[in-house]
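Chemist: Let me give you the structure first, and then I'll get to my questions.
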2 protein chains.
Amino acid sequence: MSDEFFSELKSASPIQDYLQYLHDKFKSINDGEVASYIPELATADPNWFGISIVTMDGHLYEVGDTRIPFTIQSISKPFVYGLALEDHGRTDVLNKIGVEPSGEAFNSISLRPETGQPFNPMINAGAIAATGLVEGHTPDLQFQRILDLFHHYTGHPVEVDERVYQSESSTGHRNRAIAYMLRNFDIIQDDPSPILENYFKQCSISVTGNDLAVIAGTLANAGINPLNGRRAIRSEYVENVLSIMGTCGMYDYAGEWIYRVGMPAKSGVAGGIVAVLPGQLGIGIYSPPLDPKGNSVRGIQTCHQLSMDFNLHMFNVPHSTQSVIRTSYWGSELGSDRVRPLEERLYLKKSASKILVYELQGDLNFSTAEIVVRKINESFKSFEFLVINLKRILHIDESACKLFLSLYLRMKGMNKTLIFSESSQHRLLQRIFKANMNDSFPTKLFIDSHAAALEVCENTLLLGHSGQYGGIREQVLAKHEFLADLSPDEMSIVEAMMKPQSFEKDQEIVAAGSIADEIFLLTSGTVTVCISLPDGRLNRLASFSAGVTFGELAMGGANKRSASVYADTEVECFTLSLEDLDQLEKDHPAIQCKLLRNVLRLTTNRLESANRSIGALL
Amino acid sequence: MSDEFFSELKSASPIQDYLQYLHDKFKSINDGEVASYIPELATADPNWFGISIVTMDGHLYEVGDTRIPFTIQSISKPFVYGLALEDHGRTDVLNKIGVEPSGEAFNSISLRPETGQPFNPMINAGAIAATGLVEGHTPDLQFQRILDLFHHYTGHPVEVDERVYQSESSTGHRNRAIAYMLRNFDIIQDDPSPILENYFKQCSISVTGNDLAVIAGTLANAGINPLNGRRAIRSEYVENVLSIMGTCGMYDYAGEWIYRVGMPAKSGVAGGIVAVLPGQLGIGIYSPPLDPKGNSVRGIQTCHQLSMDFNLHMFNVPHSTQSVIRTSYWGSELGSDRVRPLEERLYLKKSASKILVYELQGDLNFSTAEIVVRKINESFKSFEFLVINLKRILHIDESACKLFLSLYLRMKGMNKTLIFSESSQHRLLQRIFKANMNDSFPTKLFIDSHAAALEVCENTLLLGHSGQYGGIREQVLAKHEFLADLSPDEMSIVEAMMKPQSFEKDQEIVAAGSIADEIFLLTSGTVTVCISLPDGRLNRLASFSAGVTFGELAMGGANKRSASVYADTEVECFTLSLEDLDQLEKDHPAIQCKLLRNVLRLTTNRLESANRSIGALL
């Protein structure tokens with residue numbers, strides 16, 4: 001892409017600007033001839049030139065003559081072939097129609113001499129055979145399914161250009177010859193005439209350049225129309241349609257097209273080209289003048305330039321230096337967010353080194369999951385618990401799921417625990433695990449909160465150690481850190497000011513945004529603190545066990561609660577109001593000073609822990 | 001992949017297990033014939049069968065006969081073609097050798113009737129022409145460059161199997177005929193004999209199945225050998241070599257191979273196959289029995305099964321639902337980590353809504369960067385500052401850089417500020433920006449810390465408002481929040497206990513891990529707090545302006561400093577030791593109580609801010 005483009009920004013969008021620049025650059029090309037074998041095609045204006053691009057989130061860019069209707073012609077071939085695959089499956093279709101490039105022109109007969117099998121579905125012989133494979137009780141119903149197909153691909157009903165169809169039908173002697181050759185070899189097993197008429201109609205379906213971009217975008221988007229989110233072809237056949245377009249889509253220019261442009265594509269004799277960059281873009285070009293091989297001259301130039309300028313060649317895969325493993329650490333280095341009594345903290349400080357955590361990032365496919373599984377295997381002897389955090393994983397494919405399943409089975413055989421945290425959005429992973437272990441599906445294999453996953457591991461360690469952990473134990477008020485250093489007399493004064501309260505499981509104890517006017521001393525049960533993220537999601541911030549104080553930020557001047565607190569279990573606690581604390585300051589300043597010091601100690605602990613969390617998250 | 005595989009885990013690695021399973025499954029196939037046109041090939045044991053896979057981080061999996069030497073034969077063709085591209089460039093090479101699949105067998109003559117140009121470099125005619133294009137003053141030097149080429153691809157010196165070479169040379173009449181046809185059309189312009197001999201030698205280079213996997217892995221890895229990290233082919237030609245392998249690599253099975261297996265590949269008559277999954281894997285198979293098209297029977301079965309079981313087809317691109325935009329927010333919702341005096345906080349609370357932050361994730365290429373630029377354009381009128389956080393971006397390609405450059409130019413024209421934060425590892429982006437704006441490169445376009453980037457925006461807003469910001473202003477001790485609510489008498493008592501200290505720019509004020517025995521009241525200059533992350537990186541946690549207290553966690557019982565503090569500028573401050581504070585508690589408990597309350601308020605503020613940061617980071 002030249003500096004000339006960057007020096008003159010015209011619109012708000014650099015892509016719109018760029019496409020305009022491409023259009024300006026190539027519109028003056030006057031090479032090529034408009035197809036003239038039927039009079040309807042010959043009337044096309046050779047100056048017509050439209051560029052359309054559809055993104056995977058459904059945005060359409062268009063420049064030039066992108067809304068002029070023209071007939072789809074050969075561009076229909078790969079899509080009707082996809083319909084034949086859906087109707088009959090790969091094996092049956094491959095028995096009728098080959099998938100080898102012929103190196104010959106589009107209208108060559110190209111049947112294998114022994115079997116009569118057409119070389120591939122992009123030459124007319126193979127395309128007619130594919131049309132014959134479309135299911136339906138009558139030829140009209142068969143054709144209705146082809147119309148429905150392009151309705152799904154374009155997102156709107158499509159129609160046949162009757163005049164083009166009549167011309168195609170009345171001049172299609174060569175295609176009639178091909179159809180009877182196919183009949184001769186039993187590739188077509190019925191009367192070839194209605195199949196041929198459907199083929200002529202299919203080629204005469206009227207589309208625009210914008211339609212072509214959406215059609216291409218649907219293949220790029222694994223078969224789902226990116227504008228309306230509806231499926232046009234089952235995803236398992238998308239790779240076959242793209243393969244055919246990749247090897248045979250551009251007639252006898254197919255090899256050079258892949259070499260130079262590097263996208264599966266298909267052209268039509270009316271001047272259309274669809275090009276697909278899988279997972280990224282759908283491109284539709286319309287410009288009637290054709291080169292001697294039957295491809296749109298401006299279409300080829302445009303796609304070539306676009307591919308070069310933006311590295312769109314499908315084999316332009318960068319050398320990646322980033323690992324799918326973002327970081328890994330032991331549970332002793334960074335624990336769950338449960339605020340625990342001292343003795344539990346001390347025990348976990350040692351034993352949590354049996355918990356191994358892997359935080360992953362990017363996409364998980366065979367090759368990236370392989371690295372993860374291999375690295376985990378290297379420290380297999382050192383851990384009893386493995387937590388794999390999937391939060392930064394954008395996509396997991398089936399093969400990665402299978403590798404994780406095999407890891408799980410191996411760990412299970414050795415009594416080790418595997419947990420996937422932040423895994424709720426990865427349904428394929430859950431589905432594959434469930435499908436492969438119907439009777440023995442562990443309840444805690446997928447846990448949404450990473451901290452909760454760590455806590456499960458820690459609690460299991462604590463249970464193994466002492467048969468209990470903070471979450472299920474009662475704690476007497478006198479042992480609360482909030483009341484440390486008080487003399488028995490001072491303790492009675494403070495206890496007298498406190499009110500016992502109880503809460504049901506799941507009850508809201510503190511509402512975010514409410515007035516912060518009391519502090520809570522938890523004596524039985526556990527609670528969880530949640531905050532609302534800017535995007536509206538609710539996120540677990542910490543959880544507290546019996547023996548722990550919460551809401552104490554009120555003493556530090558917090559006016560409103562910054563987070564909500566929910567009871568995880570039945571909860572018993574004592575509350576002390578700010579009003580009573582103010583009274584305490586007047587009546588017993590020494591007590592108040594001790595309480596302030598205790599709260600400052602708690603707050604300082606939590607700030608240090610928060611800073612450690614930030615460090616781990618950075 | 002069947003359940004039978006998962007039910008029996010044998011080794012530590014599921015991939016090793018799987019390859020063993022594949023090997024067991026296909027070793028009993030007895031179809032195919034070992035090549036016998038020369039006696040040396042006919043001696044191969046038809047039972048030999050090896051599977052090798054190389055990952056992009058250089059791990060080699062191997063099962064079976066992966067270390068038996070055999071001759072590379074036609075597998076040499078795409079690599080020598082790549083060398084010809086390096087020596088002459090695409091245009092010259094395309095003038096001599098086409099890139100169209102011929103649909104014909106490997107040894108067909110397949111020259112274009114008018115020009116004598118071979119159809120493609122994978123048939124013998126094109127391969128001999130490519131060997132003729134390798135530069136060198138003498139035929140021996142030319143061949144030495146071919147040996148060096150395979151040294152780079154395999155990672156070790158390679159040798160010619162002299163007996164195979166002698167046989168090839170003495171029976172290669174058909175290839176001689178082809179070479180003289182090429183000479184006749186001036187595709188070869190010198191004596192064809194030495195070129196033919198080099199071609200025979202090239203085909204007789206001895207390799208193993210493991211070598212083939214490494215060779216394939218090098219192409220998959222954008223031309224860099226994944227075992228030793230050294231380049232074997234310039235990355236710009238990798239896409240061309242892969243395109244040729246994709247369309248013509250498997251003789252007249254090329255179309256079906258792409259359709260079923262979906263990887264660029266090349267086979268050789270000795271029974272080798274290389275297959276490349278770009279960006280992911282290199283595969284090498286060795287098994288001598290060939291099908292009638294000249295491809296290893298077990299090799300094809302193995303690759304087909306492997307591709308199906310692990311979705312390795314190159315057009316199996318999943319429908320992605322994850323956006324490259326992780327989150328976006330305004331500077332008023334989440335600010336920098338600078339702890340500022342109250343008046344600055346109040347001003348920024350309103351005006352920081354002119355700062356827009358985008359946090360991105362995943363890979364940035366044309367199609368994902370397009371979405372980012374388009375979304376930013378939608379709120380173009382609302383922001384003056386745009387911070388794009390690249391921390392979670394794993395890779396940026398050139399086209400994404402160009403789109404960001406055009407965004408920058410548009411913003412510059414409207415006096416808006418763009419900053420890329422966490423951008424230090426993205427050198428290509430920096431290089432492309434620098435290359436396109438040599439004289440006017442803004443110093444603060446790339447900032448490593450995201451918080452520092454936000455601070456630059458905030459400081460610019462404050463400077464525009466009052467002509468100064470906290471960082472450059474002095475603050476009298478009496479206004480410190482730490483000393484709030486003290487009476488003048490109490491203030492004099494505390495001031496008398498304080499010691500003035502000064503620090504040079506960049507001096508360490510507090511060392512992480514040191515004893516926490518004093519607190520600091522900053523009166524002039526700014527300081528930055530840094531923590532060491534578990535992986536050893538140093539990370540900025542916060543920065544403090546004059547008027548702010550730090551080190552106060554000591555009062556809450558912190559024994560050791562959890563972070564280091566550095567002077568950003570010349571710094572003046574007062575310190576108060578814990579020892580003096582203890583003395584204060586005895587002599588003046590009321591003062592101590594006020595100070596505790598003040599510190600508790602500061603700590604509470606910071607904890608709330610830390611919790612907000614955690615919320616934003618989650």
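Following the order of the structure tokens, chains are lettered A, B, ..., residues in each are numbered from 1, and ligands are numbered from 1.
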Quick check: residues of chain A within 6 Å of chain B, only C-alpha atoms, returned as a PDB file with N, CA, C and O atoms, in the first residue's frame.
Modeler:
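Writing done, so here's iface_27.pdb:
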```pdb
ATOM      1  N   VAL A  99     -12.545 -34.408  -7.263  1.00  0.00           N
ATOM      2  CA  VAL A  99     -12.152 -33.126  -6.679  1.00  0.00           C
ATOM      3  C   VAL A  99     -10.756 -32.732  -7.153  1.00  0.00           C
ATOM      4  O   VAL A  99     -10.052 -31.988  -6.483  1.00  0.00           O
ATOM      5  N   GLU A 100     -10.362 -33.242  -8.340  1.00  0.00           N
ATOM      6  CA  GLU A 100      -9.032 -32.898  -8.860  1.00  0.00           C
ATOM      7  C   GLU A 100      -9.128 -31.738  -9.832  1.00  0.00           C
ATOM      8  O   GLU A 100      -9.990 -31.729 -10.704  1.00  0.00           O
ATOM      9  N   PRO A 101      -8.213 -30.774  -9.706  1.00  0.00           N
ATOM     10  CA  PRO A 101      -8.150 -29.729 -10.736  1.00  0.00           C
ATOM     11  C   PRO A 101      -7.843 -30.381 -12.082  1.00  0.00           C
ATOM     12  O   PRO A 101      -7.088 -31.348 -12.155  1.00  0.00           O
ATOM     13  N   SER A 102      -8.461 -29.869 -13.138  1.00  0.00           N
ATOM     14  CA  SER A 102      -8.262 -30.499 -14.444  1.00  0.00           C
ATOM     15  C   SER A 102      -7.197 -29.786 -15.252  1.00  0.00           C
ATOM     16  O   SER A 102      -6.694 -30.334 -16.225  1.00  0.00           O
ATOM     17  N   GLY A 103      -6.847 -28.575 -14.845  1.00  0.00           N
ATOM     18  CA  GLY A 103      -5.931 -27.801 -15.667  1.00  0.00           C
ATOM     19  C   GLY A 103      -6.544 -27.378 -16.988  1.00  0.00           C
ATOM     20  O   GLY A 103      -5.860 -26.855 -17.851  1.00  0.00           O
ATOM     21  N   ASN A 221     -17.338 -17.433   7.797  1.00  0.00           N
ATOM     22  CA  ASN A 221     -17.860 -17.478   9.164  1.00  0.00           C
ATOM     23  C   ASN A 221     -18.374 -18.880   9.521  1.00  0.00           C
ATOM     24  O   ASN A 221     -19.322 -19.037  10.268  1.00  0.00           O
ATOM     25  N   ALA A 222     -17.712 -19.911   8.989  1.00  0.00           N
ATOM     26  CA  ALA A 222     -18.040 -21.314   9.288  1.00  0.00           C
ATOM     27  C   ALA A 222     -19.475 -21.673   8.928  1.00  0.00           C
ATOM     28  O   ALA A 222     -20.071 -22.553   9.543  1.00  0.00           O
ATOM     29  N   GLU A 239     -15.341 -26.784   5.005  1.00  0.00           N
ATOM     30  CA  GLU A 239     -13.954 -27.021   4.598  1.00  0.00           C
ATOM     31  C   GLU A 239     -13.881 -27.692   3.231  1.00  0.00           C
ATOM     32  O   GLU A 239     -12.928 -27.469   2.479  1.00  0.00           O
ATOM     33  N   ASN A 240     -14.902 -28.509   2.882  1.00  0.00           N
ATOM     34  CA  ASN A 240     -14.886 -29.150   1.572  1.00  0.00           C
ATOM     35  C   ASN A 240     -15.182 -28.151   0.466  1.00  0.00           C
ATOM     36  O   ASN A 240     -14.519 -28.146  -0.574  1.00  0.00           O
ATOM     37  N   SER A 243     -12.169 -26.072   0.021  1.00  0.00           N
ATOM     38  CA  SER A 243     -11.081 -26.812  -0.632  1.00  0.00           C
ATOM     39  C   SER A 243     -11.265 -26.803  -2.149  1.00  0.00           C
ATOM     40  O   SER A 243     -10.311 -26.582  -2.901  1.00  0.00           O
ATOM     41  N   THR A 247      -8.739 -25.177  -4.908  1.00  0.00           N
ATOM     42  CA  THR A 247      -7.969 -25.871  -5.948  1.00  0.00           C
ATOM     43  C   THR A 247      -8.533 -25.666  -7.350  1.00  0.00           C
ATOM     44  O   THR A 247      -7.784 -25.746  -8.317  1.00  0.00           O
ATOM     45  N   GLY A 255      -4.348 -22.142  -9.895  1.00  0.00           N
ATOM     46  CA  GLY A 255      -3.054 -22.265  -9.236  1.00  0.00           C
ATOM     47  C   GLY A 255      -2.424 -20.910  -8.995  1.00  0.00           C
ATOM     48  O   GLY A 255      -1.957 -20.606  -7.907  1.00  0.00           O
ATOM     49  N   GLU A 256      -2.438 -20.074 -10.036  1.00  0.00           N
ATOM     50  CA  GLU A 256      -1.810 -18.760  -9.901  1.00  0.00           C
ATOM     51  C   GLU A 256      -2.587 -17.885  -8.916  1.00  0.00           C
ATOM     52  O   GLU A 256      -2.006 -17.087  -8.183  1.00  0.00           O
ATOM     53  N   TYR A 259      -1.570 -18.879  -5.524  1.00  0.00           N
ATOM     54  CA  TYR A 259      -0.175 -18.453  -5.378  1.00  0.00           C
ATOM     55  C   TYR A 259      -0.086 -16.952  -5.087  1.00  0.00           C
ATOM     56  O   TYR A 259       0.639 -16.522  -4.208  1.00  0.00           O
ATOM     57  N   GLY A 279     -12.520 -17.218   8.524  1.00  0.00           N
ATOM     58  CA  GLY A 279     -12.455 -16.635   9.859  1.00  0.00           C
ATOM     59  C   GLY A 279     -12.319 -15.129   9.867  1.00  0.00           C
ATOM     60  O   GLY A 279     -12.355 -14.508  10.923  1.00  0.00           O
ATOM     61  N   GLN A 280     -12.172 -14.519   8.688  1.00  0.00           N
ATOM     62  CA  GLN A 280     -11.891 -13.084   8.673  1.00  0.00           C
ATOM     63  C   GLN A 280     -12.819 -12.252   7.792  1.00  0.00           C
ATOM     64  O   GLN A 280     -13.466 -11.340   8.284  1.00  0.00           O
ATOM     65  N   PHE A 310      -2.687  -6.055   2.586  1.00  0.00           N
ATOM     66  CA  PHE A 310      -3.077  -6.382   3.964  1.00  0.00           C
ATOM     67  C   PHE A 310      -2.712  -7.805   4.367  1.00  0.00           C
ATOM     68  O   PHE A 310      -3.312  -8.359   5.291  1.00  0.00           O
ATOM     69  N   PHE A 315      -1.754 -18.452   3.527  1.00  0.00           N
ATOM     70  CA  PHE A 315      -0.535 -19.086   4.050  1.00  0.00           C
ATOM     71  C   PHE A 315       0.432 -18.080   4.659  1.00  0.00           C
ATOM     72  O   PHE A 315       1.553 -18.420   5.006  1.00  0.00           O
ATOM     73  N   ASN A 316       0.006 -16.835   4.745  1.00  0.00           N
ATOM     74  CA  ASN A 316       0.819 -15.840   5.428  1.00  0.00           C
ATOM     75  C   ASN A 316       0.520 -15.957   6.922  1.00  0.00           C
ATOM     76  O   ASN A 316      -0.229 -15.177   7.494  1.00  0.00           O
ATOM     77  N   VAL A 317       1.082 -16.973   7.541  1.00  0.00           N
ATOM     78  CA  VAL A 317       0.847 -17.230   8.959  1.00  0.00           C
ATOM     79  C   VAL A 317       2.086 -16.765   9.708  1.00  0.00           C
ATOM     80  O   VAL A 317       3.179 -17.238   9.440  1.00  0.00           O
ATOM     81  N   HIS A 319       5.127 -16.035  12.265  1.00  0.00           N
ATOM     82  CA  HIS A 319       5.931 -16.767  13.245  1.00  0.00           C
ATOM     83  C   HIS A 319       5.553 -16.232  14.613  1.00  0.00           C
ATOM     84  O   HIS A 319       5.789 -15.076  14.938  1.00  0.00           O
ATOM     85  N   GLN A 322       4.488 -15.794  21.042  1.00  0.00           N
ATOM     86  CA  GLN A 322       3.738 -15.784  22.286  1.00  0.00           C
ATOM     87  C   GLN A 322       3.305 -17.197  22.643  1.00  0.00           C
ATOM     88  O   GLN A 322       2.833 -17.937  21.801  1.00  0.00           O
ATOM     89  N   GLY A 362      -5.162 -16.961  24.538  1.00  0.00           N
ATOM     90  CA  GLY A 362      -5.219 -17.177  23.086  1.00  0.00           C
ATOM     91  C   GLY A 362      -6.188 -18.276  22.700  1.00  0.00           C
ATOM     92  O   GLY A 362      -7.188 -18.500  23.366  1.00  0.00           O
ATOM     93  N   SER A 367      -2.310 -27.926  18.352  1.00  0.00           N
ATOM     94  CA  SER A 367      -0.894 -27.625  18.563  1.00  0.00           C
ATOM     95  C   SER A 367      -0.658 -26.818  19.824  1.00  0.00           C
ATOM     96  O   SER A 367       0.370 -26.980  20.470  1.00  0.00           O
ATOM     97  N   LEU A 394      -9.757 -17.562  24.110  1.00  0.00           N
ATOM     98  CA  LEU A 394     -10.808 -17.022  23.248  1.00  0.00           C
ATOM     99  C   LEU A 394     -11.587 -18.149  22.581  1.00  0.00           C
ATOM    100  O   LEU A 394     -12.758 -18.010  22.306  1.00  0.00           O
ATOM    101  N   SER A 399     -10.203 -30.744  19.171  1.00  0.00           N
ATOM    102  CA  SER A 399      -9.013 -31.550  19.424  1.00  0.00           C
ATOM    103  C   SER A 399      -8.366 -31.149  20.748  1.00  0.00           C
ATOM    104  O   SER A 399      -7.844 -31.997  21.468  1.00  0.00           O
ATOM    105  N   LEU A 533     -18.777  -5.323  37.913  1.00  0.00           N
ATOM    106  CA  LEU A 533     -17.767  -4.781  37.003  1.00  0.00           C
ATOM    107  C   LEU A 533     -18.404  -3.693  36.135  1.00  0.00           C
ATOM    108  O   LEU A 533     -19.633  -3.622  36.022  1.00  0.00           O
ATOM    109  N   LEU A 553     -14.584  -1.296  56.601  1.00  0.00           N
ATOM    110  CA  LEU A 553     -14.163  -0.075  55.913  1.00  0.00           C
ATOM    111  C   LEU A 553     -14.998   1.116  56.384  1.00  0.00           C
ATOM    112  O   LEU A 553     -14.586   2.263  56.231  1.00  0.00           O
ATOM    113  N   GLY A 556     -13.152   3.393  58.492  1.00  0.00           N
ATOM    114  CA  GLY A 556     -12.133   4.194  57.811  1.00  0.00           C
ATOM    115  C   GLY A 556     -12.749   5.305  56.990  1.00  0.00           C
ATOM    116  O   GLY A 556     -12.071   5.912  56.166  1.00  0.00           O
ATOM    117  N   GLY A 557     -14.033   5.542  57.140  1.00  0.00           N
ATOM    118  CA  GLY A 557     -14.653   6.677  56.485  1.00  0.00           C
ATOM    119  C   GLY A 557     -15.397   6.333  55.207  1.00  0.00           C
ATOM    120  O   GLY A 557     -15.855   7.225  54.505  1.00  0.00           O
ATOM    121  N   CYS A 593      -9.216   3.293  70.655  1.00  0.00           N
ATOM    122  CA  CYS A 593      -7.875   3.308  70.076  1.00  0.00           C
ATOM    123  C   CYS A 593      -7.418   1.889  69.751  1.00  0.00           C
ATOM    124  O   CYS A 593      -6.847   1.637  68.683  1.00  0.00           O
ATOM    125  N   LEU A 600      -7.086  -1.245  61.660  1.00  0.00           N
ATOM    126  CA  LEU A 600      -6.016  -0.837  60.756  1.00  0.00           C
ATOM    127  C   LEU A 600      -5.175  -2.055  60.374  1.00  0.00           C
ATOM    128  O   LEU A 600      -4.770  -2.208  59.222  1.00  0.00           O
ATOM    129  N   ARG A 601      -4.941  -2.961  61.329  1.00  0.00           N
ATOM    130  CA  ARG A 601      -4.161  -4.152  61.033  1.00  0.00           C
ATOM    131  C   ARG A 601      -4.879  -5.020  59.983  1.00  0.00           C
ATOM    132  O   ARG A 601      -4.297  -5.481  59.016  1.00  0.00           O
ATOM    133  N   THR A 604      -4.824  -3.266  56.613  1.00  0.00           N
ATOM    134  CA  THR A 604      -3.477  -3.339  56.045  1.00  0.00           C
ATOM    135  C   THR A 604      -3.233  -4.726  55.444  1.00  0.00           C
ATOM    136  O   THR A 604      -2.728  -4.854  54.329  1.00  0.00           O
ATOM    137  N   LEU A 607      -5.097  -4.886  52.240  1.00  0.00           N
ATOM    138  CA  LEU A 607      -4.481  -4.080  51.180  1.00  0.00           C
ATOM    139  C   LEU A 607      -3.249  -4.801  50.636  1.00  0.00           C
ATOM    140  O   LEU A 607      -3.032  -4.857  49.426  1.00  0.00           O
ATOM    141  N   GLY A 615      -0.654  -7.754  41.506  1.00  0.00           N
ATOM    142  CA  GLY A 615       0.605  -8.228  40.930  1.00  0.00           C
ATOM    143  C   GLY A 615       0.410  -9.497  40.124  1.00  0.00           C
ATOM    144  O   GLY A 615       0.956  -9.644  39.039  1.00  0.00           O
TER     145      GLY A 615
END
```
Chemist: Show me, as a PDB file with C-alpha atoms, in the first residue's frame, the residues that have an atom within 8 Å of Ala232 in chain B when counting only C-alpha atoms, minus same-chain residues fewer than 5 positions from it.
Modeler:
```pdb
ATOM      1  CA  LEU B 149      19.541 -25.448   1.915  1.00  0.00           C
ATOM      2  CA  HIS B 152      19.226 -25.306   7.120  1.00  0.00           C
ATOM      3  CA  TYR B 153      15.876 -27.078   6.826  1.00  0.00           C
ATOM      4  CA  THR B 218      10.233 -25.049   9.304  1.00  0.00           C
ATOM      5  CA  GLY B 223      10.626 -20.397   7.512  1.00  0.00           C
ATOM      6  CA  ILE B 224      12.393 -20.714  10.860  1.00  0.00           C
ATOM      7  CA  ASN B 225      13.625 -24.162  11.909  1.00  0.00           C
TER       8      ASN B 225
END
```
Chemist: Could you pull out the alpha helix (DSSP H) residues of range 77-198 of chain B from DSSP and send them as a PyMOL selection string?
Modeler: chain B and resi 77-96+124-132+139-154+162-171+173-184+192-198
Chemist: Measure the distance from CA of Lys560 in chain B to CA of Leu461 in chain A in Å and round it to one decimal.
Modeler: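 Taking CA of Lys560 in chain B and CA of Leu461 in chain A, their separation equals 28.8 Å.
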Chemist: Would you compute the distance between CA of Ser204 in chain A and CA of Ile273 in chain A? Give it in Å to one decimal.
Modeler: 15.3 Å
Chemist: Which of range 370-423 of chain B end up as strand (DSSP E or B) when DSSP is run on this backbone - answer as a PyMOL selection string?
Modeler: chain B and resi 385-396+417-421
Chemist: If you measure from CA of Cys573 in chain A to CA of Thr523 in chain A, what distance in Å do you get, rounded to one decimal?
Modeler: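 About the pair CA of Cys573 in chain A and CA of Thr523 in chain A: they are 5.1 Å apart.
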Chemist: Quick one: residues within 12 Å of Ser76 in chain A, only C-alpha atoms, excluding same-chain residues fewer than 5 positions away - as JSON, numbers by chain?
Modeler: {"A": [71, 81, 82, 83, 121, 122, 123, 124, 127, 128, 130, 131, 146, 147, 149, 150, 153, 198, 199, 200, 201, 202, 203, 204, 205, 206, 207, 212, 215, 216, 241, 245, 249, 265, 266, 267, 268, 269, 270, 272, 273, 274]}
Chemist: Between B:Glu114, B:Arg163, B:Gly155, B:Ser296, which has the minimum distance to Gly229 in chain B (counting only C-alpha atoms)?
Modeler: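 So, comparing all the options, the nearest one is B:Gly155.
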Chemist: Excluding Ala567 in chain B and any residue of its chain fewer than 3 positions from it, enumerate the residues within 10 Å of it, using only C-alpha atoms, and give them as an MDAnalysis selection string.
Modeler: chainID B and resid 502:510 525:529 543:544 570:572
